[in-house]
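Notes follow the structure.
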Amino acid sequence: MAPTTLAHGMGTVFKECGHGPAYWPRCPHPYKIRYRNAMGRQQQESGFTSREAAITRLVAVYNERKTTPANQTRTERIAKYGPMTFRDYTREWKQGQRHLAPASLLHLDSLLEHHLFPTLGSRRMDSFDHKVVEHFIRAMERAGTGLATQASAFDKLKAILLDAHRLGIYLDSPLLGVQAPVYDPKRAVIPSPTQLRVLRTVGDDTFQLLVDLMSGCGLRNGEAAAVNLNNIVAADTYRVTEQVNRTTKQYDRLKHRKKGEYRDVPLPPKVKEAIERYTEAHGAVDGYLLRHPQDRSRPYASYLLNNQWRRIKQTKKLDMPDGMVLYGFRHFFASNCLAHRIPITDVAEWMGHKNLEITFKTYRHLMPGTIGQAATILNTTLAA
């Protein structure tokens, strides 16, 4: 291709037939044009029978771009938001994050105040490019910031800069080519079936029910605390509809779900029997089994479970794996599923993970199967 460029920055007229520009008037191949549209993005058109027709179209595009309201609006946005500091822009951006739960807002504020604002707070928004973003990541590395926090801080920075990119502050995203921090969670610490049976015998009835719900249905702490008789939608199915929010200590929507959304999980008969035993012994309030011990009108708060777990560990009478936390009961659910060859896609859905990658990273080592086993299985069909 041998393009020829027009004056005044209007664009380019060219052919892709391989002939030189001198031969183009006699060449039957159509002319093409390339230009930037009103939003600054490169665009291409073809099918012009003469160079004059192509130029006429470029002139029309150029004049339209000068007068289009979209371009004027973008110019106004750049003038307003470009000089704004990252701190001020982020505070305005945050007002639009109405979907975030209170706990998520607290996490966001912590990341902003302790990681993003100290490094980037006074920087002008129109000064961001990939080098600035890479410098921020290196600054976290030098400070010894954990990979989980690095990944979270980068995700928040990414959301803010993409919002600015959509406003038109940048023609090219300042995130292009940036290698994001990668958090690879440690292997989950999981109790054995024998250890789990012992754990079911300690603590009060509430603790034992929570252990059953987390290890048998894969519920999170807050979801188990919101267990409700009305959510048993079938003999073998429990519908997870809400959780007790750790911050507000009130019933709230599920993590990674909008209000009213739910997920159905397996309900093993032993867990169903545990729910029925607890109901018979303690009753329920509007279907809710677990309530605050000092005030039955209030939900069961997560700190009550944490306090009891701490007291149980302090007795040192239990044979528990080193590093095991309450979440180990939920890890047991995933381990049990994968050990019995239940597809990891189903496990991810039941556990309410945001995406399959989280499940895979955390539990990949629990999935049965080796290269040797695969070779044997595949050979069975080949030899048939």
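Ligands are numbered from 1 in the order shown, chains are lettered A, B, ... in the order of the structure tokens, and residues start at 1 in each chain.
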
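DSSP annotation of segment 70-293 of chain A from backbone atoms: strand (DSSP E or B) residues are Thr85, Arg124, Asn228, Ile232, Val233, Ala234, Thr237, Tyr238, Arg239, Val240, Gln243, Val244, Tyr251, Asp252, Arg263, Asp264, Val265, Pro266, Val285, Tyr288, Arg291 and His292 of chain A.
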
File dump, residues just selected, N, CA, C and O atoms, as an mmCIF file, in the first residue's frame:
```cif
data_model
loop_
_atom_site.group_PDB
_atom_site.id
_atom_site.type_symbol
_atom_site.label_atom_id
_atom_site.label_comp_id
_atom_site.auth_asym_id
_atom_site.auth_seq_id
_atom_site.Cartn_x
_atom_site.Cartn_y
_atom_site.Cartn_z
ATOM 1 N N THR A 85 -7.614 16.714 40.444
ATOM 2 C CA THR A 85 -6.704 15.763 41.071
ATOM 3 C C THR A 85 -7.370 14.401 41.166
ATOM 4 O O THR A 85 -8.602 14.284 41.163
ATOM 5 N N ARG A 124 -2.747 15.116 38.599
ATOM 6 C CA ARG A 124 -3.819 15.514 37.687
ATOM 7 C C ARG A 124 -4.314 14.303 36.904
ATOM 8 O O ARG A 124 -3.540 13.432 36.504
ATOM 9 N N ASN A 228 -32.679 -19.912 57.096
ATOM 10 C CA ASN A 228 -34.119 -19.706 57.254
ATOM 11 C C ASN A 228 -34.868 -20.946 56.775
ATOM 12 O O ASN A 228 -34.580 -21.483 55.699
ATOM 13 N N ILE A 232 -35.699 -23.767 52.489
ATOM 14 C CA ILE A 232 -35.597 -25.176 52.083
ATOM 15 C C ILE A 232 -36.647 -25.385 50.995
ATOM 16 O O ILE A 232 -37.831 -25.591 51.271
ATOM 17 N N VAL A 233 -36.223 -25.275 49.738
ATOM 18 C CA VAL A 233 -37.165 -25.283 48.611
ATOM 19 C C VAL A 233 -37.413 -26.687 48.074
ATOM 20 O O VAL A 233 -38.300 -26.896 47.247
ATOM 21 N N ALA A 234 -36.616 -27.652 48.506
ATOM 22 C CA ALA A 234 -36.809 -29.062 48.145
ATOM 23 C C ALA A 234 -36.115 -29.900 49.209
ATOM 24 O O ALA A 234 -35.338 -29.393 50.015
ATOM 25 N N THR A 237 -32.474 -29.353 48.509
ATOM 26 C CA THR A 237 -32.026 -28.058 47.992
ATOM 27 C C THR A 237 -32.301 -26.936 48.990
ATOM 28 O O THR A 237 -33.428 -26.806 49.485
ATOM 29 N N TYR A 238 -31.278 -26.150 49.259
ATOM 30 C CA TYR A 238 -31.427 -24.950 50.096
ATOM 31 C C TYR A 238 -31.156 -23.727 49.233
ATOM 32 O O TYR A 238 -30.192 -23.695 48.460
ATOM 33 N N ARG A 239 -32.019 -22.720 49.349
ATOM 34 C CA ARG A 239 -31.887 -21.493 48.548
ATOM 35 C C ARG A 239 -31.236 -20.407 49.409
ATOM 36 O O ARG A 239 -31.808 -19.981 50.415
ATOM 37 N N VAL A 240 -30.060 -19.966 49.003
ATOM 38 C CA VAL A 240 -29.328 -18.925 49.724
ATOM 39 C C VAL A 240 -29.794 -17.575 49.185
ATOM 40 O O VAL A 240 -29.562 -17.266 48.006
ATOM 41 N N GLN A 243 -27.552 -12.685 53.624
ATOM 42 C CA GLN A 243 -26.517 -12.913 54.618
ATOM 43 C C GLN A 243 -26.681 -11.875 55.732
ATOM 44 O O GLN A 243 -27.368 -10.869 55.552
ATOM 45 N N VAL A 244 -26.037 -12.128 56.863
ATOM 46 C CA VAL A 244 -25.951 -11.111 57.904
ATOM 47 C C VAL A 244 -24.702 -10.293 57.614
ATOM 48 O O VAL A 244 -23.586 -10.824 57.627
ATOM 49 N N TYR A 251 -29.643 -8.147 58.001
ATOM 50 C CA TYR A 251 -29.774 -8.985 56.813
ATOM 51 C C TYR A 251 -29.543 -8.124 55.573
ATOM 52 O O TYR A 251 -30.016 -6.991 55.473
ATOM 53 N N ASP A 252 -28.812 -8.696 54.617
ATOM 54 C CA ASP A 252 -28.414 -7.925 53.437
ATOM 55 C C ASP A 252 -28.335 -8.870 52.231
ATOM 56 O O ASP A 252 -28.380 -10.098 52.375
ATOM 57 N N ARG A 263 -28.925 -18.131 45.082
ATOM 58 C CA ARG A 263 -28.330 -19.314 44.462
ATOM 59 C C ARG A 263 -28.822 -20.545 45.221
ATOM 60 O O ARG A 263 -29.021 -20.501 46.433
ATOM 61 N N ASP A 264 -29.053 -21.630 44.507
ATOM 62 C CA ASP A 264 -29.480 -22.888 45.113
ATOM 63 C C ASP A 264 -28.266 -23.783 45.335
ATOM 64 O O ASP A 264 -27.405 -23.902 44.458
ATOM 65 N N VAL A 265 -28.202 -24.412 46.512
ATOM 66 C CA VAL A 265 -27.071 -25.277 46.847
ATOM 67 C C VAL A 265 -27.596 -26.630 47.315
ATOM 68 O O VAL A 265 -28.758 -26.748 47.744
ATOM 69 N N PRO A 266 -26.754 -27.660 47.245
ATOM 70 C CA PRO A 266 -27.177 -28.982 47.731
ATOM 71 C C PRO A 266 -27.452 -28.951 49.240
ATOM 72 O O PRO A 266 -26.751 -28.279 49.993
ATOM 73 N N VAL A 285 -37.789 -17.507 64.382
ATOM 74 C CA VAL A 285 -38.443 -16.204 64.332
ATOM 75 C C VAL A 285 -38.587 -15.814 62.869
ATOM 76 O O VAL A 285 -37.594 -15.552 62.180
ATOM 77 N N TYR A 288 -36.278 -17.594 60.643
ATOM 78 C CA TYR A 288 -34.850 -17.511 60.976
ATOM 79 C C TYR A 288 -34.559 -18.358 62.210
ATOM 80 O O TYR A 288 -35.235 -18.223 63.240
ATOM 81 N N ARG A 291 -30.544 -16.316 66.121
ATOM 82 C CA ARG A 291 -30.801 -14.939 66.530
ATOM 83 C C ARG A 291 -29.783 -14.543 67.596
ATOM 84 O O ARG A 291 -29.074 -15.383 68.173
ATOM 85 N N HIS A 292 -29.720 -13.263 67.862
ATOM 86 C CA HIS A 292 -28.784 -12.782 68.882
ATOM 87 C C HIS A 292 -29.195 -13.336 70.250
ATOM 88 O O HIS A 292 -30.370 -13.240 70.634
#
```

### Task
Fewer than 6 positions away in the same chain doesn't count, so skip those; otherwise give me all residues within 7 Å of segment 204-210 of chain A, counting only C-alpha atoms, as a ChimeraX atom specification.
/A:224,274,305

### Task
Using only C-alpha atoms, determine which residues lie at most 6 Å from Phe333 of chain A, disregarding the query and same-chain residues fewer than 5 positions distant; provide the list as a PyMOL selection string.
chain A and resi 215-216+218

Shell around segment 93-108 of chain A at 9 Å using only C-alpha atoms, local window under 5 positions removed, as a short mmCIF file (atom, residue, chain, number, x, y, z; two decimals) with C-alpha atoms, in the first residue's frame:
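As written to disk, selection_38.cif reads:
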```
data_model
loop_
_atom_site.label_atom_id
_atom_site.label_comp_id
_atom_site.auth_asym_id
_atom_site.auth_seq_id
_atom_site.Cartn_x
_atom_site.Cartn_y
_atom_site.Cartn_z
CA ASP A 88 -11.12 14.86 43.90
CA GLU A 113 -6.61 6.17 52.10
CA SER A 152 -7.28 -5.09 45.10
CA ALA A 153 -5.69 -1.63 44.89
CA LYS A 156 -9.84 0.00 42.12
CA ILE A 160 -11.42 4.75 38.20
CA ASP A 163 -14.31 5.65 34.02
CA ASN A 245 -23.79 -8.16 56.93
CA ARG A 246 -20.61 -8.08 59.00
CA THR A 247 -20.64 -4.27 59.19
CA THR A 248 -24.30 -3.40 59.69
CA ASP A 252 -28.41 -7.92 53.44
CA ARG A 253 -28.06 -9.08 49.82
CA LYS A 255 -21.96 -11.06 48.05
CA LYS A 258 -27.96 -7.82 43.39
#
```

### Task
Find the residues around Gly177 of chain A up to 12 Å (only C-alpha atoms counted), leave out those fewer than 6 positions away in its own chain, and share them as a VMD selection string.
chain A and resid 129 to 131 133 to 134

Keeping only C-alpha atoms, write those residues as a short mmCIF file (atom, residue, chain, number, x, y, z; two decimals), in the first residue's frame.
```cif
data_model
loop_
_atom_site.label_atom_id
_atom_site.label_comp_id
_atom_site.auth_asym_id
_atom_site.auth_seq_id
_atom_site.Cartn_x
_atom_site.Cartn_y
_atom_site.Cartn_z
CA ASP A 129 -0.42 6.99 31.31
CA HIS A 130 0.88 3.42 31.50
CA LYS A 131 4.17 4.55 33.06
CA VAL A 133 0.34 3.09 36.59
CA GLU A 134 3.45 0.90 36.46
#
```

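Of the listed residues A:Asn221, A:Thr279, A:Thr49, A:Ser127, the one whose atoms come nearest to Ser302 of chain A is A:Asn221, with distances taken using only C-alpha atoms.
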
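Closest to Ala54 of chain A among A:Phe14, A:Gln42, A:Leu176, A:Glu76 is A:Phe14, based on only C-alpha atoms.
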
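Ranking A:Arg138, A:Arg77, A:Arg57, A:Lys270 by their shortest atom-to-atom distance to Met10 of chain A, with only C-alpha atoms included, puts A:Arg57 first.
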
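Checking A:His135, A:Gly146, A:Gln314, A:Gln294 one by one against Gln179 of chain A, counting only C-alpha atoms, you find the shortest gap at A:His135.
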
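Remark: for Pro174 of chain A, the closest of the candidate residues A:Met125, A:Val347, A:Val325, A:Leu219 is A:Met125 (distances computed over only C-alpha atoms).
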
### Message
If we count only C-alpha atoms and set the cut-off at 9 Å, which residues sit around Val198 of chain A, ignoring sequence neighbours fewer than 4 positions away in its own chain? Please answer as a list in words.
### Response
Pro193, Thr194, Val202, Leu318 and Asp319 of chain A

#### Entry: Close residues, Val189 of chain A itself excluded, 9 Å, only C-alpha atoms, min 4 positions apart in chain, as a PyMOL selection string
chain A and resi 321-325+327-328+331-332

### Query
Which of these, A:Lys15, A:Arg87, A:Arg298, A:Arg197, has the shortest distance to Ser50 of chain A once you count only C-alpha atoms?
A:Lys15

### Task
Based on DSSP run over this structure's backbone, return all residues of segment 11-149 of chain A in helix (DSSP H, G or I), as a ChimeraX atom specification.
/A:21-26,51-67,69-81,86-94,102-120,125-127,130-142,147-149

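Straight-line separation from atom CA of Thr12 of chain A to atom CA of Lys32 of chain A: 8.1 Å.
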
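The coordinates place atom CA of Ser335 of chain A at 7.9 Å from atom CA of Ile190 of chain A.
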